[in-house]
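input_35.cif, holding mmCIF, C-alpha atoms:
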```cif
data_protein
loop_
_atom_site.label_atom_id
_atom_site.label_comp_id
_atom_site.auth_asym_id
_atom_site.auth_seq_id
_atom_site.Cartn_x
_atom_site.Cartn_y
_atom_site.Cartn_z
CA MET B 244 -0.57 24.14 8.29
CA LYS B 245 -1.43 25.73 11.64
CA PHE B 246 0.35 23.58 14.25
CA CYS B 247 3.76 21.95 14.62
CA SER B 248 3.62 18.21 13.88
CA GLU B 249 6.52 17.64 16.29
CA CYS B 250 5.30 19.45 19.43
CA GLY B 251 1.73 20.66 18.70
CA SER B 252 2.50 24.39 19.18
CA LYS B 253 1.43 27.09 16.73
CA VAL B 254 3.52 27.68 13.61
CA VAL B 255 4.39 30.98 11.99
CA LEU B 256 5.14 31.57 8.31
CA ARG B 257 8.48 33.28 7.79
CA ILE B 258 11.78 33.01 5.93
CA PRO B 259 14.36 31.07 7.99
CA GLU B 260 17.86 32.49 8.28
CA GLY B 261 19.91 31.56 5.20
CA ASP B 262 16.80 30.56 3.25
CA THR B 263 14.94 32.40 0.51
CA LEU B 264 11.33 31.23 0.88
CA PRO B 265 8.79 31.47 3.70
CA ARG B 266 8.38 28.21 5.66
CA TYR B 267 6.14 27.13 8.50
CA ILE B 268 8.31 27.37 11.63
CA CYS B 269 7.30 26.23 15.10
CA SER B 270 7.02 29.08 17.59
CA ASN B 271 8.07 26.70 20.38
CA CYS B 272 10.56 24.05 19.16
CA HIS B 273 11.61 26.01 16.03
CA ALA B 274 11.22 22.97 13.74
CA ILE B 275 11.04 24.05 10.09
CA HIS B 276 8.28 22.31 8.12
CA TYR B 277 9.17 22.19 4.43
CA GLN B 278 6.47 21.58 1.86
CA ASN B 279 7.49 20.15 -1.49
CA PRO B 280 5.91 18.94 -4.75
CA LYS B 281 4.35 15.51 -4.91
CA VAL B 282 5.09 12.85 -7.51
CA ILE B 283 2.31 11.13 -9.45
CA VAL B 284 3.28 7.90 -11.20
CA GLY B 285 1.24 6.07 -13.79
CA CYS B 286 1.40 4.14 -17.02
CA ILE B 287 -0.06 3.59 -20.48
CA PRO B 288 -1.03 -0.10 -20.34
CA GLU B 289 -1.18 -1.64 -23.84
CA TRP B 290 -2.71 -4.89 -25.04
CA GLU B 291 -2.52 -5.54 -28.80
CA ASN B 292 -2.46 -1.78 -29.51
CA LYS B 293 -5.43 -1.14 -27.22
CA ILE B 294 -5.09 1.10 -24.15
CA LEU B 295 -6.48 0.35 -20.70
CA LEU B 296 -8.41 3.25 -19.19
CA CYS B 297 -10.21 3.61 -15.86
CA LYS B 298 -13.46 5.49 -15.28
CA ARG B 299 -13.04 7.47 -12.08
CA ALA B 300 -15.28 6.61 -9.11
CA ILE B 301 -13.96 9.52 -7.04
CA ALA B 302 -13.61 13.29 -7.19
CA PRO B 303 -12.27 15.20 -8.98
CA HIS B 304 -13.84 14.35 -12.35
CA ARG B 305 -15.90 11.37 -11.22
CA GLY B 306 -17.20 9.53 -14.30
CA LYS B 307 -14.36 10.70 -16.54
CA TRP B 308 -11.69 8.36 -17.95
CA THR B 309 -8.02 8.31 -17.02
CA LEU B 310 -4.86 6.24 -17.19
CA PRO B 311 -3.97 4.38 -13.99
CA ALA B 312 -1.87 6.83 -11.96
CA GLY B 313 -1.58 8.11 -8.41
CA PHE B 314 0.63 9.50 -5.69
CA MET B 315 4.00 7.79 -5.33
CA GLU B 316 4.40 6.33 -1.83
CA ASN B 317 7.39 6.44 0.48
CA ASN B 318 9.85 3.55 0.15
CA GLU B 319 8.98 2.54 -3.39
CA THR B 320 10.65 3.09 -6.77
CA LEU B 321 8.95 4.94 -9.63
CA ALA B 322 8.25 1.68 -11.48
CA GLN B 323 6.91 0.02 -8.33
CA GLY B 324 4.59 2.99 -7.81
CA ALA B 325 3.23 2.80 -11.36
CA THR B 326 2.73 -0.97 -11.02
CA ARG B 327 0.96 -0.58 -7.68
CA GLU B 328 -1.35 2.17 -8.90
CA THR B 329 -2.35 0.08 -11.92
CA PHE B 330 -3.18 -2.83 -9.68
CA GLU B 331 -5.12 -0.67 -7.22
CA GLU B 332 -7.20 1.13 -9.84
CA ALA B 333 -7.70 -1.64 -12.39
CA ASN B 334 -6.66 -4.91 -10.68
CA ALA B 335 -4.34 -5.20 -13.65
CA ARG B 336 -0.83 -6.59 -13.89
CA VAL B 337 1.61 -4.66 -16.07
CA GLU B 338 5.24 -4.80 -17.04
CA ILE B 339 6.60 -1.27 -16.78
CA ARG B 340 8.79 -0.25 -19.71
CA GLU B 341 10.39 3.07 -20.68
CA LEU B 342 9.44 6.37 -19.16
CA TYR B 343 7.33 8.23 -21.72
CA ALA B 344 6.25 11.58 -20.25
CA ILE B 345 7.37 13.87 -17.44
CA TYR B 346 5.16 16.85 -16.71
CA SER B 347 5.61 19.67 -14.24
CA LEU B 348 2.35 21.14 -12.93
CA PRO B 349 3.69 24.08 -10.91
CA HIS B 350 0.28 25.60 -10.09
CA ILE B 351 -0.55 22.52 -8.00
CA SER B 352 3.06 21.52 -7.18
CA GLN B 353 2.93 18.12 -8.84
CA VAL B 354 5.29 16.15 -11.09
CA TYR B 355 3.71 13.46 -13.29
CA LEU B 356 5.74 10.54 -14.62
CA LEU B 357 4.00 8.21 -17.09
CA PHE B 358 5.58 4.97 -18.26
CA GLN B 359 4.93 2.78 -21.26
CA ALA B 360 3.60 -0.56 -20.05
CA LYS B 361 2.58 -3.97 -21.33
CA LEU B 362 -0.66 -5.34 -19.92
CA LEU B 363 0.17 -8.92 -18.94
CA ASP B 364 -3.29 -10.53 -19.07
CA LEU B 365 -6.97 -9.67 -19.55
CA ASP B 366 -7.95 -10.42 -15.96
CA PHE B 367 -8.64 -6.81 -14.92
CA SER B 368 -11.59 -5.22 -13.11
CA PRO B 369 -12.45 -1.91 -11.39
CA GLY B 370 -10.55 -1.19 -8.18
CA ILE B 371 -12.17 0.83 -5.38
CA GLU B 372 -11.40 4.16 -7.12
CA SER B 373 -12.80 3.08 -10.52
CA LEU B 374 -16.36 2.61 -11.81
CA GLU B 375 -15.29 0.72 -14.91
CA VAL B 376 -12.08 -0.44 -16.56
CA ARG B 377 -11.80 -1.30 -20.25
CA LEU B 378 -9.56 -1.50 -23.28
CA PHE B 379 -9.97 1.14 -25.97
CA GLY B 380 -8.86 0.89 -29.57
CA GLU B 381 -7.18 4.00 -30.91
CA GLN B 382 -10.40 5.21 -32.58
CA GLU B 383 -12.56 4.53 -29.53
CA ILE B 384 -10.79 6.70 -26.96
CA PRO B 385 -13.28 9.17 -25.40
CA TRP B 386 -11.11 12.25 -25.87
CA ASP B 387 -13.78 14.64 -24.59
CA ASP B 388 -14.17 12.63 -21.41
CA ILE B 389 -10.57 12.30 -20.28
CA ALA B 390 -10.32 13.50 -16.67
CA PHE B 391 -7.09 15.50 -16.79
CA ARG B 392 -5.12 17.40 -19.41
CA VAL B 393 -1.92 15.82 -18.04
CA ILE B 394 -3.37 12.46 -19.13
CA HIS B 395 -5.09 13.64 -22.32
CA ASP B 396 -2.09 15.38 -23.87
CA PRO B 397 0.60 12.70 -23.46
CA LEU B 398 -1.85 9.91 -24.41
CA LYS B 399 -2.80 11.70 -27.61
CA ARG B 400 0.85 12.31 -28.43
CA TYR B 401 1.73 8.71 -27.63
CA LEU B 402 -0.84 7.28 -30.03
CA LYS B 403 0.20 9.67 -32.77
CA GLU B 404 3.89 8.85 -32.35
CA ARG B 405 3.15 5.12 -32.19
CA GLN B 406 1.77 5.27 -35.73
CA HIS B 407 5.20 6.32 -36.97
CA GLY B 408 7.34 3.99 -34.88
CA GLN B 409 8.66 4.09 -31.33
CA PRO B 410 7.20 6.88 -29.14
CA GLU B 411 9.85 9.34 -27.93
CA PRO B 412 10.00 10.33 -24.24
CA HIS B 413 9.24 14.00 -23.68
CA MET B 414 8.91 16.63 -20.97
CA GLY B 415 6.04 19.03 -20.62
CA ILE B 416 4.66 21.83 -18.47
CA ILE B 417 0.99 22.43 -17.69
CA ASP B 418 0.65 25.67 -15.74
CA LYS B 419 -2.92 26.81 -15.22
CA ARG B 420 -1.63 30.10 -13.81
CA GLN B 421 -0.60 30.88 -17.40
CA ASP B 422 -3.56 29.45 -19.35
CA MET P 42 4.82 13.20 13.22
CA LYS P 43 3.16 13.42 16.62
CA PHE P 44 0.55 16.17 16.29
CA CYS P 45 -2.04 17.23 13.71
CA SER P 46 -0.87 20.23 11.68
CA GLU P 47 -4.51 21.31 11.22
CA CYS P 48 -5.78 21.31 14.83
CA GLY P 49 -2.78 20.48 17.07
CA SER P 50 -4.29 17.29 18.56
CA LYS P 51 -2.39 13.99 18.79
CA VAL P 52 -2.18 11.77 15.71
CA VAL P 53 -2.40 7.99 15.60
CA LEU P 54 -0.81 5.74 12.98
CA ARG P 55 -3.34 3.43 11.32
CA ILE P 56 -4.69 2.33 7.95
CA PRO P 57 -7.63 4.54 6.86
CA GLU P 58 -10.73 2.82 5.51
CA GLY P 59 -10.27 1.98 1.83
CA ASP P 60 -6.50 2.51 2.04
CA THR P 61 -3.68 -0.04 2.19
CA LEU P 62 -0.94 1.76 4.14
CA PRO P 63 -0.77 3.20 7.66
CA ARG P 64 -1.13 7.01 7.77
CA TYR P 65 -0.96 9.57 10.53
CA ILE P 66 -4.60 10.38 11.34
CA CYS P 67 -5.77 13.08 13.74
CA SER P 68 -7.56 11.71 16.80
CA ASN P 69 -9.70 14.86 16.93
CA CYS P 70 -10.43 16.25 13.44
CA HIS P 71 -9.63 12.98 11.60
CA ALA P 72 -7.42 14.72 9.01
CA ILE P 73 -5.22 12.19 7.21
CA HIS P 74 -1.60 13.30 6.86
CA TYR P 75 0.02 11.64 3.84
CA GLN P 76 3.79 11.50 3.54
CA ASN P 77 5.31 11.12 0.09
CA PRO P 78 8.72 11.02 -1.61
CA LYS P 79 10.60 14.23 -2.25
CA VAL P 80 12.05 15.32 -5.58
CA ILE P 81 15.68 16.44 -5.89
CA VAL P 82 16.54 18.36 -9.06
CA GLY P 83 19.99 19.15 -10.31
CA CYS P 84 22.16 19.42 -13.38
CA ILE P 85 25.50 18.64 -14.99
CA PRO P 86 26.79 22.12 -15.93
CA GLU P 87 29.29 21.95 -18.82
CA TRP P 88 31.72 24.54 -20.10
CA GLU P 89 34.00 23.42 -22.95
CA ASN P 90 33.78 19.79 -21.79
CA LYS P 91 34.55 20.72 -18.19
CA ILE P 92 32.05 20.04 -15.41
CA LEU P 93 31.12 22.46 -12.62
CA LEU P 94 31.21 20.87 -9.17
CA CYS P 95 30.49 22.31 -5.73
CA LYS P 96 32.34 21.45 -2.51
CA ARG P 97 29.71 21.04 0.19
CA ALA P 98 29.75 23.46 3.13
CA ILE P 99 26.99 21.59 4.96
CA ALA P 100 26.22 18.14 6.30
CA PRO P 101 25.97 15.46 5.13
CA HIS P 102 29.39 14.95 3.53
CA ARG P 103 30.76 18.42 4.20
CA GLY P 104 33.96 18.92 2.20
CA LYS P 105 32.95 16.43 -0.52
CA TRP P 106 32.14 17.43 -4.09
CA THR P 107 28.76 17.29 -5.76
CA LEU P 108 26.75 18.53 -8.72
CA PRO P 109 24.41 21.44 -7.99
CA ALA P 110 21.14 19.82 -6.86
CA GLY P 111 18.53 20.20 -4.15
CA PHE P 112 14.92 19.81 -3.13
CA MET P 113 12.38 20.93 -5.71
CA GLU P 114 10.16 23.69 -4.31
CA ASN P 115 6.40 24.14 -4.58
CA ASN P 116 5.18 26.15 -7.59
CA GLU P 117 8.19 25.61 -9.82
CA THR P 118 8.91 23.35 -12.81
CA LEU P 119 11.67 20.75 -12.82
CA ALA P 120 13.88 22.93 -15.03
CA GLN P 121 13.24 25.99 -12.88
CA GLY P 122 14.24 23.98 -9.82
CA ALA P 123 17.50 22.81 -11.39
CA THR P 124 18.29 26.37 -12.52
CA ARG P 125 17.53 27.79 -9.07
CA GLU P 126 19.63 25.20 -7.24
CA THR P 127 22.58 25.88 -9.53
CA PHE P 128 22.32 29.57 -8.83
CA GLU P 129 21.95 29.06 -5.06
CA GLU P 130 24.88 26.67 -4.71
CA ALA P 131 27.27 28.07 -7.31
CA ASN P 132 25.96 31.54 -8.25
CA ALA P 133 26.05 30.10 -11.76
CA ARG P 134 23.71 30.63 -14.70
CA VAL P 135 22.85 27.58 -16.75
CA GLU P 136 20.66 26.69 -19.68
CA ILE P 137 18.88 23.46 -18.79
CA ARG P 138 18.82 20.89 -21.60
CA GLU P 139 17.66 17.27 -21.77
CA LEU P 140 16.92 15.19 -18.72
CA TYR P 141 19.80 12.76 -18.30
CA ALA P 142 19.20 10.64 -15.19
CA ILE P 143 16.22 9.68 -13.04
CA TYR P 144 17.00 7.72 -9.89
CA SER P 145 14.66 6.25 -7.30
CA LEU P 146 16.14 6.06 -3.79
CA PRO P 147 13.38 4.14 -2.02
CA HIS P 148 15.27 3.72 1.28
CA ILE P 149 15.11 7.49 1.81
CA SER P 150 11.98 8.16 -0.31
CA GLN P 151 13.67 10.45 -2.81
CA VAL P 152 13.55 10.80 -6.60
CA TYR P 153 16.57 12.46 -8.24
CA LEU P 154 16.31 14.13 -11.65
CA LEU P 155 19.54 15.38 -13.23
CA PHE P 156 19.57 17.46 -16.40
CA GLN P 157 22.27 18.18 -18.92
CA ALA P 158 23.10 21.88 -18.78
CA LYS P 159 25.22 24.50 -20.49
CA LEU P 160 27.07 26.87 -18.18
CA LEU P 161 26.43 30.32 -19.64
CA ASP P 162 29.43 32.23 -18.30
CA LEU P 163 32.41 31.89 -15.97
CA ASP P 164 31.11 34.28 -13.35
CA PHE P 165 30.42 31.66 -10.66
CA SER P 166 31.30 31.54 -6.95
CA PRO P 167 30.37 29.54 -3.85
CA GLY P 168 26.81 29.97 -2.58
CA ILE P 169 26.02 29.69 1.12
CA GLU P 170 25.96 25.88 0.98
CA SER P 171 29.28 25.55 -0.86
CA LEU P 172 32.91 25.99 0.27
CA GLU P 173 34.29 26.10 -3.25
CA VAL P 174 33.03 25.87 -6.83
CA ARG P 175 35.22 24.96 -9.77
CA LEU P 176 35.38 23.45 -13.23
CA PHE P 177 36.92 20.01 -13.57
CA GLY P 178 38.31 18.46 -16.72
CA GLU P 179 37.34 14.85 -17.28
CA GLN P 180 40.66 13.56 -15.86
CA GLU P 181 40.55 15.86 -12.83
CA ILE P 182 37.25 14.79 -11.27
CA PRO P 183 37.82 13.71 -7.64
CA TRP P 184 35.93 10.42 -7.92
CA ASP P 185 36.80 9.30 -4.40
CA ASP P 186 35.50 12.54 -2.97
CA ILE P 187 32.06 12.75 -4.59
CA ALA P 188 29.47 13.23 -1.84
CA PHE P 189 26.71 10.89 -3.03
CA ARG P 190 26.50 7.73 -5.09
CA VAL P 191 23.45 9.22 -6.86
CA ILE P 192 25.78 11.94 -8.17
CA HIS P 193 28.88 9.77 -8.68
CA ASP P 194 27.23 7.05 -10.77
CA PRO P 195 25.35 9.18 -13.33
CA LEU P 196 28.27 11.62 -13.69
CA LYS P 197 30.68 8.77 -14.40
CA ARG P 198 28.25 7.28 -16.91
CA TYR P 199 27.68 10.66 -18.52
CA LEU P 200 31.36 11.30 -19.14
CA LYS P 201 31.87 7.80 -20.52
CA GLU P 202 28.90 8.12 -22.87
CA ARG P 203 29.96 11.59 -23.96
CA GLN P 204 33.18 10.12 -25.35
CA HIS P 205 31.11 8.11 -27.82
CA GLY P 206 28.57 10.75 -28.78
CA GLN P 207 25.35 11.99 -27.23
CA PRO P 208 24.69 10.71 -23.66
CA GLU P 209 21.50 8.64 -23.42
CA PRO P 210 18.96 9.36 -20.65
CA HIS P 211 18.61 6.49 -18.21
CA MET P 212 16.74 5.43 -15.08
CA GLY P 213 18.37 3.92 -12.01
CA ILE P 214 17.66 2.63 -8.54
CA ILE P 215 19.89 3.05 -5.51
CA ASP P 216 18.45 1.10 -2.61
CA LYS P 217 20.69 0.90 0.43
CA ARG P 218 18.29 -1.59 2.02
CA GLN P 219 19.57 -4.03 -0.62
CA ASP P 220 23.28 -3.14 -0.71
#
```

Take the structure from the file and write it as structure tokens.
Amino acid sequence: MKFCSECGSKVVLRIPEGDTLPRYICSNCHAIHYQNPKVIVGCIPEWENKILLCKRAIAPHRGKWTLPAGFMENNETLAQGATRETFEEANARVEIRELYAIYSLPHISQVYLLFQAKLLDLDFSPGIESLEVRLFGEQEIPWDDIAFRVIHDPLKRYLKERQHGQPEPHMGIIDKRQD
Amino acid sequence: MKFCSECGSKVVLRIPEGDTLPRYICSNCHAIHYQNPKVIVGCIPEWENKILLCKRAIAPHRGKWTLPAGFMENNETLAQGATRETFEEANARVEIRELYAIYSLPHISQVYLLFQAKLLDLDFSPGIESLEVRLFGEQEIPWDDIAFRVIHDPLKRYLKERQHGQPEPHMGIIDKRQD
């Protein structure tokens, strides 16, 4: 951030009075521009024990597989966001169920929330951000070609827990500053 | 948003190619400025079945009571955010436990996450955003003077569930566009 989005003047980075962290502050109108983590919402769409994955058509990790997920938008609920992302990436209709995984990714200031979901029909196809969309049986999942660890880890855990009953929601942290 | 934070030129509001929602786009450098929901993290600090509440020193709802909670910051985890907010508002040390409540507030584009927490000692005092901080027994909680419904509703549910055993995490929606 270099300029104030309210008045167009230059911003400076300093700690406002009564605050503890540096913020971008307008040198002219003194507006404080806070920057906060972003929420990514997605789901694990299931159809007769198979999982719907999308092959990414965009960077990063073009050509790798992922669950449908993306940035939550203003004025929607978490479940609406997960439903919308699944439709955008896979033209697929899902019924969102329990929340399964919540991950903090502090190195990139993101929070991931992944829901369990029931795929409602087989009429799916790649959206603009996907090259291919298909159902994978548990033994077919391309573990070495999953785009993100924040998708790989909870999906692996989910399938393992599913073998022994109802998967249990969990929280996780992926911090690449510590890896 | 009126000006581009990258180059200081005027922005226009329109739907970018391949997108579905209007975004602020710079008329000069064409940077797209996304706006997304913010995360509020907080906790329910307990000490021998009593709950720590803070009386707000700032708008909105100055003088009303609330749980320690506030905007999650970049580069922290959810639990770190809840711990930090509790220290800032109540100078209190807590051990963050399970996530208890996740609320979508789509009318103001916020997601609230409230954790169960154990207050670690009685050495607490008002932070700069609080007028007063105190422990309330279950029968003492000032229900008519709780600052926000997103605090009131999960706290009430928590205390009710606690009477019958371990409180169960839940998701909720508060949408004032529909009230």

Checklist entry - Given the file above and the PyMOL selection byres ((chain B) within 8 of (chain P)), which residues are selected, and can you give them as a ChimeraX atom specification? => result /B:244-253,261,278-282,314-321,347-352,371,416

Emit the selected residues as a short mmCIF file (atom, residue, chain, number, x, y, z; two decimals), in the frame of the given file, including C-alpha atoms.
```
data_model
loop_
_atom_site.label_atom_id
_atom_site.label_comp_id
_atom_site.auth_asym_id
_atom_site.auth_seq_id
_atom_site.Cartn_x
_atom_site.Cartn_y
_atom_site.Cartn_z
CA MET B 244 -0.57 24.14 8.29
CA LYS B 245 -1.43 25.73 11.64
CA PHE B 246 0.35 23.58 14.25
CA CYS B 247 3.76 21.95 14.62
CA SER B 248 3.62 18.21 13.88
CA GLU B 249 6.52 17.64 16.29
CA CYS B 250 5.30 19.45 19.43
CA GLY B 251 1.73 20.66 18.70
CA SER B 252 2.50 24.39 19.18
CA LYS B 253 1.43 27.09 16.73
CA GLY B 261 19.91 31.56 5.20
CA GLN B 278 6.47 21.58 1.86
CA ASN B 279 7.49 20.15 -1.49
CA PRO B 280 5.91 18.94 -4.75
CA LYS B 281 4.35 15.51 -4.91
CA VAL B 282 5.09 12.85 -7.51
CA PHE B 314 0.63 9.50 -5.69
CA MET B 315 4.00 7.79 -5.33
CA GLU B 316 4.40 6.33 -1.83
CA ASN B 317 7.39 6.44 0.48
CA ASN B 318 9.85 3.55 0.15
CA GLU B 319 8.98 2.54 -3.39
CA THR B 320 10.65 3.09 -6.77
CA LEU B 321 8.95 4.94 -9.63
CA SER B 347 5.61 19.67 -14.24
CA LEU B 348 2.35 21.14 -12.93
CA PRO B 349 3.69 24.08 -10.91
CA HIS B 350 0.28 25.60 -10.09
CA ILE B 351 -0.55 22.52 -8.00
CA SER B 352 3.06 21.52 -7.18
CA ILE B 371 -12.17 0.83 -5.38
CA ILE B 416 4.66 21.83 -18.47
#
```

Item to check | Sel. within 12 Å of pt (-5.4, 18.1, -22.1), counting only C-alpha atoms, output as a list of chain:residue names | outcome: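 The residues that fall inside the cut-off are B:Thr309, B:Tyr346, B:Trp386, B:Asp387, B:Asp388, B:Ile389, B:Ala390, B:Phe391, B:Arg392, B:Val393, B:Ile394, B:His395, B:Asp396, B:Pro397, B:Leu398, B:Lys399, B:Arg400, B:Gly415, B:Ile416, B:Ile417, B:Asp418, B:Lys419, B:Asp422.
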
Item to check | Answer key for the PyMOL selection byres ((chain B and resi 378) around 12), residues as number ranges by chain | outcome: B: 287-298, 308-310, 333, 335, 362, 364-368, 375-377, 379-385

With the file shown as input, list the residues that the PyMOL selection byres ((chain P and resi 138) around 6) selects, as a JSON list (two decimals) with C-alpha atoms, keeping the file's coordinate frame.
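Result written to result_1.json:
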```json
[["chain", "number", "residue", "atom", "x", "y", "z"],
["P", 137, "ILE", "CA", 18.88, 23.46, -18.79],
["P", 139, "GLU", "CA", 17.66, 17.27, -21.77],
["P", 157, "GLN", "CA", 22.27, 18.18, -18.92],
["P", 158, "ALA", "CA", 23.10, 21.88, -18.78]]
```

Item to check | Which residue of P:Val135, P:Leu155, P:Ala98, P:Val53 approaches Cys84 of chain P most closely, using only C-alpha atoms | outcome: P:Leu155

Checklist entry - Any idea what the distance is between atom CA of Arg327 of chain B and atom CA of Phe358 of chain B? => result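 Answer for the atom CA of Arg327 of chain B to atom CA of Phe358 of chain B separation: 12.8 Å.
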
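Distance-wise, atom CA of Lys403 of chain B and atom CA of Arg299 of chain B end up 24.7 Å apart.
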
Item to check | Distance in Å - atom CA of Leu256 of chain B versus atom CA of Asn271 of chain B | outcome: 13.3 Å
